[in-house]
Each structure stands twice: as structure tokens, then as C-alpha cells.
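Enquirer: Handing you a structure now.
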Protein chains: 2
Amino acid sequence: MGTAYDELKQIWTQLHHFGHLQSIAGWDQAAMMPPKGNTARANAMAAMEGLLHRMRTDPKLVTLLANADGEVLDDFARANLVEIRREWRASNALPQALVEAQSLAAARCEHAWRSQRPANDWAGFLENLREVLRIGREVAQRLSDATGLAPYDALMDQFEPGTTSADVDRVFGDLQQWLPGLVQQVRQRQSRETVLQPTGPFAKAAQRSLSLEVMGLLGFDFEGGRLDESAHPFSGGVPEDTRLTTRYREDDLMQSLMGTIHETGHARYEQNLPRQWLGQPVAAARSMGIHESQSLSFEMQLGRSRAFAGLLAPKLRAHFGDQAAFEPDNLYRLMTRVKPSLIRVDADELTYPAHVILRYRLECELIAGSLNAEDIPARWDEGMQSLLGITTRGDYTNGCMQDVHWSGGAFGYFPCYTLGAMYAAQWFAAIRARTPDLDARIARGELGVAFDWLRDNIWSQASRWPTAELATRASGEALNPLHFRRHLEARYLG
Amino acid sequence: MGTAYDELKQIWTQLHHFGHLQSIAGWDQAAMMPPKGNTARANAMAAMEGLLHRMRTDPKLVTLLANADGEVLDDFARANLVEIRREWRASNALPQALVEAQSLAAARCEHAWRSQRPANDWAGFLENLREVLRIGREVAQRLSDATGLAPYDALMDQFEPGTTSADVDRVFGDLQQWLPGLVQQVRQRQSRETVLQPTGPFAKAAQRSLSLEVMGLLGFDFEGGRLDESAHPFSGGVPEDTRLTTRYREDDLMQSLMGTIHETGHARYEQNLPRQWLGQPVAAARSMGIHESQSLSFEMQLGRSRAFAGLLAPKLRAHFGDQAAFEPDNLYRLMTRVKPSLIRVDADELTYPAHVILRYRLECELIAGSLNAEDIPARWDEGMQSLLGITTRGDYTNGCMQDVHWSGGAFGYFPCYTLGAMYAAQWFAAIRARTPDLDARIARGELGVAFDWLRDNIWSQASRWPTAELATRASGEALNPLHFRRHLEARYLG
């Protein structure tokens, strides 16, 4: 028997092996599984969830963690121990019965939501949501007791460790100062532009072939991953075998293309996590905000840039024929068109943060108990009116029932999207500072300079440092929303 | 806490859930996984194999099994307990270290075999095979000690419980009396026939579409399964979600078509196992011989019949244009052409058993210790010459290195193929006895009468009875090779 730390490492390697099967089963569920497989799959994954929870709450871990603390460890191992302890603490904060109740309530609510949403059935949805929220509050309280964080912060800590609602309030507060004015300004400016829409239909096979080509351009390693199709695009699988999905609409090629570019960012992070440490928590992606910073580096910083439009144009022509809409300047206008709209996932880069701010504000109050589930629609409508000037009254489908997060009990996740957009702007500001001719390089298809920076500073660093230190080592400072503002002003007013 | 039997049932339900993840991961490995995922997948599946083995060898099972024996159980539960005990005994016969050594030796031998086979590298292969055989003999001895069966019979019992080499010797001995003469006679008769080959190339997409159509005709439930592609066709997944694969050659459409029909037989067995018992061993397929009897009922009894050729003809024309080769009589001649050949999996219905007999005879001696690995090629050549009149001297690729079974350590499996062919003939003799106009019905596309019989007598019965009793209940007698002989004589001399 080696040291206590070695034993912990071994246990976490086992967790990694079992987690591998769980991840692949989850990917398969979304991308491959026929409908009648659903119950058996849910039962199998619940059994595995139970096993993973039992392993993480094994009483012998208490002694192992205490002993490992006193052992001589190098920096990497020390960082790994921090992450092991974090996972251990989160698992032990929640009794098995609560974990199971949460998983069942979420599954029930989400399953019903799939038909309630198109039926605009708020009353039916509310019944399940109440139970999900009740459990969510209890989970938050127990995580809070275990971590010493405030309840909402303890939830957020699962996705974005080290960031509190005080941090989020600060950056979102800043954003709210200037973003509405910027949206106004840009809308006025764009009202004078002509934008041509590409003419479809766009055959699915051609869209898939275009997606594969663009993934290649973006450095995706096809020996270690795949592209498939699912109702909601995602990046899944395991770091050794990254599975991403997109969805195809025959009348809109941009959706699958931008979806693929976005997911490729997630995938390259996973494909470039440090191989020699895989299986240990220190080798996992740092946080969901940092993960989003990769997908948004690819989609927003790179994908929707004027230089990249020039790279896309000939590929679009090759796949769908010569259309005036594929002219690079028009493509760029298409990809940067700003228009307040109801649905978060379809929102443009400028109005997207408003959707996130709305959900964040409501979540904080829902968990604090100052807002109850039945009062969401009124507050939602109020928020949409004040943030984006559009109403959702009576329209639950495109209002507060549009996202899957709350029905799945994932309170505390939403801020990651906009934190990710800000980090992405910060990374590209750093890259641009070192490489003043970045746009010219991108226009020539030389994307390596950006990928090299991301690999050295983000991907290879995995969870070795707390997020603030990761950001400082990478870019000289912790999260600074000014880069996001500068990026938006340069792109939309420049 | 319920009865001991209830507790056993619960444990086996857990095994079913974990086995589900293992099955899907195995299917994915063959049908979806990119190459760089291989090591992580192998490690994950080995970890799961270890968990399943630990669960099946948990010391508390001894008491539970003893107590359950004394409890009041209905017939179904009693049958289930028999199967639980069989699995428990087999797992406990083998120490974890031996299971792991076997898995590693098999993986090493099989991995090397993939490149050694095309290189005709017998010397290299032999080195690994010796170790696989050494472990195989030890496994056989330990299983023999635990079951009281002879060593080879104990291996075969894993695949075909209740059937011993004495049984196999009897039916194979009978076969050897009349099969060589029949092959001679048929060859002479067929030498006067003209057979047209379909003209390719046959686009993969069209072959896939044809396969899906024929699966539909054969009653495959697409809500509970899929068709994909892999290097070696197989039927995998779980009963609730049956995944089958085929492979496409652009110059030969019959390979994918016949492969699909064969695997659909396996799949329908799985899709029609008794739903209310799924998860318990009594609800699993009876044996590999009975499983092969389903794939061969579909491929040989149904698929290669003159009546079915009439159903295939318009589908072939619709997918690949009007060719004289698609005329039903020609199709039938094509599907029943007899010619001794080197490769088992490509063999026709009549010469296939000779391949199986050869492997069976050698396996018996390999496990008994009267034959060593280095002497296989000489004995193989001798056997091929005497059974089929062709030589494989110096050609290991198409001789003793053609199959994956021995490199994978699966000694005792081969007899199942020919037992399955015999059972299939026996089932169709029973169906025909009840339905004298069977061929006319098949010709009209009314396949339900055959499927209903198989559902009532085989699929729904799962492992409720020992194989001999299953056969007797279904067809009035235990395995009787006379039906196979009659079927072959009717088809090839009729």
C-alpha cells in the first residue's frame, strides 16, 4: 500500500472509469438511443449515479483525506488533492435519499416539460417545478452548511468554483450600465444595413459535410471524437473520445454551422486536457464558465469575426452554390445582426447577456425564498420588458418555460454563459496584444496562434489553479469585464 | 427486508443495470468509437468487469442462495433461482486474478492477431495463443471442479448449458455420415446450373436502405433498436434496445443483406424476451445455440428459401435497377450455391458444418492437452482436406488464424453454430407441420405464422426451461438432427 494520497488517486481513477461509461451512455441517450430504450437507460444510469455517490461518500475517505494532507506532495498533486476534497465535500453534503429525490423530481419535471412547453401549460409545469424548487432550496442549504458559502453561492460553486454572487453582481451590474445603450446604438446603425438571407433548402448531408470541414479547420481531432446529431446540440463523451452534436434545419444553415463551431470549442478543450493526468480531478476542465469561454472563443471571437467570414465564404459556395448572401461582408453582417428576441439560445451576441441577467436575478430570489415559483411569469415579463423591451405575457412557451435548466434543477448555472463570454473576450484581448496582426492571420486561415495560446494557457492547465489564478497567469488579471465591452464596441460600432 | 430470494433478485437487477452500461459501451466500441478512445474504453470496461465479478462473488450470496432454496417459490422464481445459481457458480469458480489474466491475455492476443492475420504471421500469433490456451485450460479445470462436468463440457456449459461433448459427438457423428456425400451430390447437380451474379457497384446508402426495409418486413421494432455498421456484424445492445450491425461491400450486396437478415433473427429474440422479467436471468436468452437457431431461422430457413427470394426480388430491383440476376429463381440459386471454401463465415449452408466440426474436434483436444498450439496448422490442414477436400498448407491467414474465437479465449463456443442450424430446422419442421401451406404464405409476405410460433415457443420462454425441455415443449422432442438432414435434402435435392 502506498501513501494515502496514492490510495485516493486510485479511487478517483476508478471513478473516472465508471464515469466514462456513464458519459458514453448519456451521449448515446441523446444522440443514438431509440425511444423504447429510455426506461432501461434511466434505471442503469441511476444505478451508476448511486454507485458513484457511494464511492464518494465512503467513510474511509475521511481518514485518507486527513492523512494525505500531512504527506509530502508536489504542486500538481496538491492541486489534485484540493479538487478531490471539493468533490468529496459536495457529495458528502447531500444524503443519498436527497440526491435520489432530486434526480427523480428533475426527471419527472423535465419529462413533463417536453410536452407542457409546446402546450403553453404553465399550470401543469408549475406543479412539478414547485417540488424541484423545494428540493433545490434544501440542496442549497445543505451545500451551504458544508462549504460555508451562502446558499446560492454554494449552488454556483458546483459549476463555477470560487465565484460568488457578489462577483456576479459586480460584473453584471457593470454590464447593465452600458449594454442597453449599446444595443440601442447598434440597432439604429444596423437599421440602415441591407442583409441578404441565404436561400435554401440546404440538404442535411451537405450541412454535415460543411460542419466536418469547419471542424477540421478548427483543429478538431477526428481520431479522438465524432460529430453526430441531437435535438439539443452538446459536447459530451470523455476527454479521450469527445462526442459533439449539432442539429440541422433545412431552411437555415447558420444554425448547424454556428452550433458546430461552438461545440468544437468545448471539444478542443476536452481533447487537450493534460493526457498524463487524465482520470484525476486536476486534469478536468476548470469550470463551466471557463468551458463556455472556449466555445465562445470559437463561436464569438473567431467564428463571427469578419476575417473568419472570409474563410467560410468559399466553403459555403462549394457546398450550396454561389449566392450573393455568401459574400463575406454580407455573411459578417448576418452573423452580427442584433435584434432583441424571446429565446435565449437563438439570441445574438449583444442581447444574450440580458437573458442571462434575467435568469440570474430570478434564481437568486428563488433560492433565497423571496420569490416563489408561481410568481415567475409576472417577474419574467417585467424583466424582459425592462431589459429588452419585449413582452412575454401569457406566452410561457417562449417565456419562462423555454429553458431546461430549472426543470432539471440546475440552479446556479446560468451566470456561466456570460462569464464565459467575458473570459473569451479577455483571452482574445491577450492574444491580440501578442499578435497585433491576428485578424490578417485569421483571414489567411492561420488559426494556430490562437489555438497555441489557448492550449498553453487554458487547456493544458486544466484545474491546476483556482479560476482567478488561471486567468491571471493567462492574461495578467482576474476576470475584467472591460475586455468584453471593448470587444463588443469594436465589433458593433467599429 | 423481504425473503432471501427477493434480495437475490434485487442484486441481479443491479447486475442488469450495470450490465446495460457495459453492453452499450461494447456496442459503441465496435460501431461508433474513434481509435483514440480505445485505451480509456478498455480500462472502463475492465473496471466494470471487475465490479460485476465482485458482485457475483460477494460472500453473502452463499447464505442467500442457501436460504432461498428453502423458501416457497413459484415455478418462474424457481427457474430464476436455478439460473442465478448457475451464474454464481461460474463466477465463483474463477478467482479474480485468473479472470483478469484471461481478459488481458485475450486482449493482447486478439489485438496482435488483427495485424498478424493479414501478415500470415503464425509464429508471432503462436506465442500469444500459447498463453491464451494455458489460461483456457486452467479455466476449464476450475469450472470442471466447480460443476462436476468434464473440462471441455464445463467450457461449453457457459454457452450451451446442459449440452455435453457426448451429445455433440453424437449429432456431429451422424452429420459426418451423410453430409460429405450430400455435398458431392449437390455439387454435381449444381454444376449443370447457370447462376447470374448481380452487377455492381452497389451504393452503400442503397444497401442500407434495403437492409432497413427487409428488417421491417422481418418485424424488427425500430422503436427498440437500431441498424449500424461495423467491421464484423453482430447483434448487441440490451433487450430493451437491440443494436445490430452489418457491413457493406460495394461489389457484393448479398453480404450486407444476408448479414442483416441473420442479425435480425438474433435481435427479434432479444426484443421479444418476456418484458415483465427483464433484468432477471430467467428472462435472458436460453443459450447461444438457441440464439443461433433464431438467426439461422431467419437467414437459412426463411431468408434463403425460394419463397423469400420472390419477396426480395422486387426490393432489389427497386434499389439497384432491373437486372436478370434479380429474377427470383436466379436469386434462389445464388443464395443456395454450394462450394467448399476456406473461410467459415463465408461458407454456404451445406459446407458450414464441416468448418464447425473441424474446430470442435481440435478444441476438444486442445483443452484435453492431447494437442498443443504449435500442432494446430498441421491438424487443420489434415481436417480441411478430409472434410472439404481443400488444403490450407502454409496459408494461416485463411486457415487456423481466420477466426477470432481462440485468440479471444472463447473455447467451447463453435458447436453452437451447428446446433443452432439444427434447432432452426427443427423449429421450421414444427411450423410446417402445423401450417402445410407455409411456403405459399411466405411467398405472399405473410410471415406472421412463423414469427408467432417462434414468439410463443422460444422468445417468450427465455430461460424458463432447460434447453432439452424447451425444445420438447416447442417441437415435441429434444434436438433431433434428422430435421436438419431433411431440410437440406429437400432444399438441395428437392
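To be explicit about the labels: the chains of the C-alpha cells are called A, B, and onward in the order shown, and within each one the residues are counted from 1, while ligands get numbers from 1 in the order they are shown.
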Check which residues of chain B sit at most 8 Å from chain A using only C-alpha atoms, and return one row each with the closest pair of atoms and their distance in Å to one decimal, ordered by chain and rising number, as CSV.

Expert:
```
residue,atom,partner,partner_atom,distance
B:Gln14,CA,A:Ala47,CA,7.0
B:His16,CA,A:Ala44,CA,7.9
B:His17,CA,A:Ala44,CA,4.2
B:Phe18,CA,A:Ala44,CA,6.1
B:His20,CA,A:Ala44,CA,6.4
B:Leu21,CA,A:Leu21,CA,6.2
B:Gln22,CA,A:Leu21,CA,7.3
B:Ile24,CA,A:Ala25,CA,7.0
B:Ala25,CA,A:Leu21,CA,6.6
B:Met33,CA,A:Asp241,CA,7.5
B:Pro34,CA,A:Glu223,CA,5.4
B:Pro35,CA,A:Glu223,CA,5.6
B:Lys36,CA,A:Gly224,CA,4.8
B:Gly37,CA,A:Asp241,CA,4.9
B:Ala40,CA,A:Glu240,CA,6.7
B:Arg41,CA,A:His20,CA,7.5
B:Asn43,CA,A:His17,CA,6.6
B:Ala44,CA,A:His17,CA,4.2
B:Met45,CA,A:His17,CA,7.7
B:Ala47,CA,A:His17,CA,6.5
B:Met48,CA,A:Phe18,CA,7.1
B:Phe222,CA,A:Pro34,CA,7.3
B:Glu223,CA,A:Pro34,CA,5.4
B:Gly224,CA,A:Lys36,CA,4.8
B:Gly225,CA,A:Pro34,CA,6.0
B:Arg226,CA,A:Pro34,CA,7.2
B:Glu240,CA,A:Gly37,CA,5.3
B:Asp241,CA,A:Gly37,CA,4.9
```

Enquirer: Write the residues you've just listed into a file as a tab-separated table (two decimals), in the first residue's frame, and include C-alpha atoms for each of them.

Expert:
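To be explicit, this is the file written out as part_20.tsv:
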```
chain	number	residue	atom	x	y	z
B	14	GLN	CA	-28.38	-4.20	-10.13
B	16	HIS	CA	-28.62	-5.98	-15.09
B	17	HIS	CA	-28.33	-2.18	-14.76
B	18	PHE	CA	-24.55	-2.25	-14.72
B	20	HIS	CA	-26.64	-2.45	-19.55
B	21	LEU	CA	-23.89	0.19	-19.45
B	22	GLN	CA	-21.31	-2.47	-20.29
B	24	ILE	CA	-23.88	-0.24	-24.70
B	25	ALA	CA	-20.19	0.57	-24.23
B	33	MET	CA	-15.80	4.69	-31.13
B	34	PRO	CA	-12.91	6.57	-32.77
B	35	PRO	CA	-9.48	4.90	-32.42
B	36	LYS	CA	-8.06	7.14	-29.71
B	37	GLY	CA	-10.91	6.18	-27.39
B	40	ALA	CA	-9.89	4.58	-21.96
B	41	ARG	CA	-12.75	2.35	-23.07
B	43	ASN	CA	-9.94	0.43	-18.91
B	44	ALA	CA	-13.51	1.47	-18.18
B	45	MET	CA	-14.91	-1.86	-19.30
B	47	ALA	CA	-13.22	-1.80	-14.20
B	48	MET	CA	-16.87	-2.72	-14.77
B	222	PHE	CA	-37.21	0.24	-34.75
B	223	GLU	CA	-38.58	1.93	-31.63
B	224	GLY	CA	-36.48	-0.51	-29.64
B	225	GLY	CA	-33.33	-0.86	-31.71
B	226	ARG	CA	-31.03	0.39	-34.49
B	240	GLU	CA	-34.82	-3.10	-24.37
B	241	ASP	CA	-32.67	-1.54	-27.09
```

Enquirer: Which residues, written as a VMD selection string, have at least one atom at most 8 Å from Ala146 of chain B, with only C-alpha atoms counted and residues fewer than 6 positions away on the same chain left out?

Expert: chain B and resid 89 to 90 93

Enquirer: Using only C-alpha atoms, please write the residues we just selected to a file, as a PDB file, in the first residue's frame.

Expert:
```
ATOM      1  CA  ARG B  89     -21.216 -20.909  -9.580  1.00  0.00           C
ATOM      2  CA  ALA B  90     -19.404 -19.975 -12.795  1.00  0.00           C
ATOM      3  CA  ALA B  93     -15.159 -20.952  -9.834  1.00  0.00           C
TER       4      ALA B  93
END
```

Enquirer: Select from segment 317-423 of chain A everything DSSP, run on the backbone, classes as alpha helix (DSSP H), then give the selection as a ChimeraX atom specification.

Expert: /A:317-320,328-335,352-368,376-388,415-423

Enquirer: Suppose we keep C-alpha atoms; can you now write the selection as a JSON list (two decimals), in the first residue's frame?

Expert:
```json
[["chain", "number", "residue", "atom", "x", "y", "z"],
["A", 317, "ARG", "CA", -20.26, 28.36, -52.02],
["A", 318, "ALA", "CA", -18.67, 24.93, -52.52],
["A", 319, "HIS", "CA", -21.48, 23.25, -50.61],
["A", 320, "PHE", "CA", -24.50, 25.31, -51.57],
["A", 328, "PRO", "CA", -18.01, 37.75, -46.84],
["A", 329, "ASP", "CA", -19.26, 41.22, -45.89],
["A", 330, "ASN", "CA", -22.85, 40.03, -46.06],
["A", 331, "LEU", "CA", -22.02, 36.87, -44.11],
["A", 332, "TYR", "CA", -20.43, 39.02, -41.43],
["A", 333, "ARG", "CA", -23.50, 41.26, -41.25],
["A", 334, "LEU", "CA", -25.65, 38.14, -40.99],
["A", 335, "MET", "CA", -23.58, 36.74, -38.12],
["A", 352, "TYR", "CA", -27.70, 37.32, -24.99],
["A", 353, "PRO", "CA", -26.41, 38.70, -21.66],
["A", 354, "ALA", "CA", -29.82, 40.27, -20.96],
["A", 355, "HIS", "CA", -31.38, 36.80, -20.98],
["A", 356, "VAL", "CA", -28.73, 35.54, -18.55],
["A", 357, "ILE", "CA", -29.11, 38.53, -16.22],
["A", 358, "LEU", "CA", -32.87, 37.95, -16.07],
["A", 359, "ARG", "CA", -32.49, 34.28, -15.11],
["A", 360, "TYR", "CA", -29.72, 35.03, -12.64],
["A", 361, "ARG", "CA", -31.78, 37.67, -10.79],
["A", 362, "LEU", "CA", -34.78, 35.35, -10.57],
["A", 363, "GLU", "CA", -32.68, 32.35, -9.49],
["A", 364, "CYS", "CA", -31.11, 34.27, -6.63],
["A", 365, "GLU", "CA", -34.53, 35.18, -5.30],
["A", 366, "LEU", "CA", -35.97, 31.71, -5.90],
["A", 367, "ILE", "CA", -33.23, 30.11, -3.81],
["A", 368, "ALA", "CA", -33.35, 32.84, -1.16],
["A", 376, "ILE", "CA", -42.09, 33.64, -12.01],
["A", 377, "PRO", "CA", -44.18, 34.56, -15.09],
["A", 378, "ALA", "CA", -45.04, 38.05, -13.89],
["A", 379, "ARG", "CA", -41.43, 38.76, -12.90],
["A", 380, "TRP", "CA", -40.21, 37.26, -16.16],
["A", 381, "ASP", "CA", -42.39, 39.53, -18.21],
["A", 382, "GLU", "CA", -41.35, 42.55, -16.17],
["A", 383, "GLY", "CA", -37.67, 41.66, -16.67],
["A", 384, "MET", "CA", -37.98, 41.08, -20.41],
["A", 385, "GLN", "CA", -39.74, 44.42, -20.79],
["A", 386, "SER", "CA", -37.15, 46.34, -18.83],
["A", 387, "LEU", "CA", -34.10, 44.53, -20.27],
["A", 388, "LEU", "CA", -35.11, 44.02, -23.89],
["A", 415, "PRO", "CA", -24.15, 33.04, -14.97],
["A", 416, "CYS", "CA", -21.52, 30.76, -16.58],
["A", 417, "TYR", "CA", -22.72, 31.69, -20.06],
["A", 418, "THR", "CA", -22.00, 35.36, -19.70],
["A", 419, "LEU", "CA", -18.89, 34.85, -17.56],
["A", 420, "GLY", "CA", -17.71, 32.64, -20.42],
["A", 421, "ALA", "CA", -18.37, 35.36, -22.99],
["A", 422, "MET", "CA", -16.36, 37.79, -20.84],
["A", 423, "TYR", "CA", -13.46, 35.41, -20.34]]
```

Enquirer: Quick one: residues within 10 Å of Cys109 of chain A, only C-alpha atoms counted, chain neighbours fewer than 6 positions away excluded, as a PyMOL selection string?

Expert: chain A and resi 103+116+124-132+404+406-409

Enquirer: With only C-alpha atoms as the atoms that count, which of B:Arg486, B:Met215, B:Thr194, B:Arg187 lies nearest to Lys339 of chain B?

Expert: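 Checking each of B:Arg486, B:Met215, B:Thr194, B:Arg187 against Lys339 of chain B, counting only C-alpha atoms, the winner is B:Arg187.
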
Enquirer: So that I can see what lies close to Ile343 of chain B, please list as an NGL selection string the residues with an atom at most 9 Å from it, counting only C-alpha atoms and leaving out residues fewer than 6 positions away in the same chain.

Expert: :B and (355 or 398-399 or 402-403)

Enquirer: Just the selected residues (N, CA and C atoms), exported as a PDB file, in the first residue's frame, please.

Expert:
```
ATOM      1  N   HIS B 355     -16.752 -26.847 -41.252  1.00  0.00           N
ATOM      2  CA  HIS B 355     -15.861 -25.900 -40.573  1.00  0.00           C
ATOM      3  C   HIS B 355     -16.022 -26.021 -39.054  1.00  0.00           C
ATOM      4  N   ASN B 398      -5.948 -17.754 -44.028  1.00  0.00           N
ATOM      5  CA  ASN B 398      -7.229 -18.353 -44.379  1.00  0.00           C
ATOM      6  C   ASN B 398      -7.383 -19.747 -43.783  1.00  0.00           C
ATOM      7  N   GLY B 399      -6.446 -20.088 -42.902  1.00  0.00           N
ATOM      8  CA  GLY B 399      -6.526 -21.376 -42.206  1.00  0.00           C
ATOM      9  C   GLY B 399      -6.856 -21.117 -40.743  1.00  0.00           C
ATOM     10  N   GLN B 402      -8.079 -17.672 -39.059  1.00  0.00           N
ATOM     11  CA  GLN B 402      -9.202 -16.902 -39.619  1.00  0.00           C
ATOM     12  C   GLN B 402     -10.203 -16.435 -38.580  1.00  0.00           C
ATOM     13  N   ASP B 403     -10.387 -17.180 -37.513  1.00  0.00           N
ATOM     14  CA  ASP B 403     -11.428 -16.829 -36.537  1.00  0.00           C
ATOM     15  C   ASP B 403     -10.860 -16.069 -35.342  1.00  0.00           C
TER      16      ASP B 403
END
```

Enquirer: Give the strand (DSSP E) residues of segment 212-329 of chain A, as DSSP finds them on the backbone, and put them as a PyMOL selection string.

Expert: chain A and resi 225-229+235-238+241-246

Enquirer: For the residues in that selection, give me N, CA and C atoms as a PDB file, in the first residue's frame.

Expert:
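Listing of out11.pdb after writing:
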```pdb
ATOM      1  N   GLY A 225     -12.737  11.653 -31.518  1.00  0.00           N
ATOM      2  CA  GLY A 225     -14.066  12.237 -31.338  1.00  0.00           C
ATOM      3  C   GLY A 225     -14.932  12.058 -32.565  1.00  0.00           C
ATOM      4  N   ARG A 226     -16.179  12.478 -32.463  1.00  0.00           N
ATOM      5  CA  ARG A 226     -17.161  12.314 -33.532  1.00  0.00           C
ATOM      6  C   ARG A 226     -18.104  13.512 -33.587  1.00  0.00           C
ATOM      7  N   LEU A 227     -18.789  13.650 -34.713  1.00  0.00           N
ATOM      8  CA  LEU A 227     -19.897  14.605 -34.840  1.00  0.00           C
ATOM      9  C   LEU A 227     -21.172  13.822 -35.119  1.00  0.00           C
ATOM     10  N   ASP A 228     -22.203  14.052 -34.310  1.00  0.00           N
ATOM     11  CA  ASP A 228     -23.496  13.430 -34.561  1.00  0.00           C
ATOM     12  C   ASP A 228     -24.592  14.475 -34.436  1.00  0.00           C
ATOM     13  N   GLU A 229     -25.804  14.016 -34.320  1.00  0.00           N
ATOM     14  CA  GLU A 229     -26.966  14.891 -34.377  1.00  0.00           C
ATOM     15  C   GLU A 229     -27.813  14.661 -33.128  1.00  0.00           C
ATOM     16  N   SER A 235     -21.723  19.033 -26.273  1.00  0.00           N
ATOM     17  CA  SER A 235     -20.425  18.375 -26.371  1.00  0.00           C
ATOM     18  C   SER A 235     -20.351  17.415 -25.207  1.00  0.00           C
ATOM     19  N   GLY A 236     -20.203  16.132 -25.492  1.00  0.00           N
ATOM     20  CA  GLY A 236     -20.213  15.134 -24.432  1.00  0.00           C
ATOM     21  C   GLY A 236     -19.101  14.119 -24.616  1.00  0.00           C
ATOM     22  N   GLY A 237     -19.350  12.887 -24.153  1.00  0.00           N
ATOM     23  CA  GLY A 237     -18.322  11.864 -24.210  1.00  0.00           C
ATOM     24  C   GLY A 237     -17.302  12.061 -23.113  1.00  0.00           C
ATOM     25  N   VAL A 238     -16.066  11.703 -23.382  1.00  0.00           N
ATOM     26  CA  VAL A 238     -14.978  11.757 -22.411  1.00  0.00           C
ATOM     27  C   VAL A 238     -13.793  12.461 -23.066  1.00  0.00           C
ATOM     28  N   ASP A 241     -12.313  10.828 -25.955  1.00  0.00           N
ATOM     29  CA  ASP A 241     -13.228  10.483 -27.049  1.00  0.00           C
ATOM     30  C   ASP A 241     -14.415  11.446 -26.958  1.00  0.00           C
ATOM     31  N   THR A 242     -14.228  12.608 -27.578  1.00  0.00           N
ATOM     32  CA  THR A 242     -15.144  13.726 -27.403  1.00  0.00           C
ATOM     33  C   THR A 242     -16.252  13.676 -28.447  1.00  0.00           C
ATOM     34  N   ARG A 243     -17.473  13.599 -27.986  1.00  0.00           N
ATOM     35  CA  ARG A 243     -18.607  13.463 -28.895  1.00  0.00           C
ATOM     36  C   ARG A 243     -19.362  14.781 -28.949  1.00  0.00           C
ATOM     37  N   LEU A 244     -19.420  15.399 -30.107  1.00  0.00           N
ATOM     38  CA  LEU A 244     -20.244  16.591 -30.165  1.00  0.00           C
ATOM     39  C   LEU A 244     -21.400  16.417 -31.139  1.00  0.00           C
ATOM     40  N   THR A 245     -22.441  17.190 -30.897  1.00  0.00           N
ATOM     41  CA  THR A 245     -23.621  17.070 -31.746  1.00  0.00           C
ATOM     42  C   THR A 245     -24.044  18.447 -32.234  1.00  0.00           C
ATOM     43  N   THR A 246     -24.757  18.436 -33.335  1.00  0.00           N
ATOM     44  CA  THR A 246     -25.377  19.650 -33.832  1.00  0.00           C
ATOM     45  C   THR A 246     -26.780  19.266 -34.294  1.00  0.00           C
TER      46      THR A 246
END
```
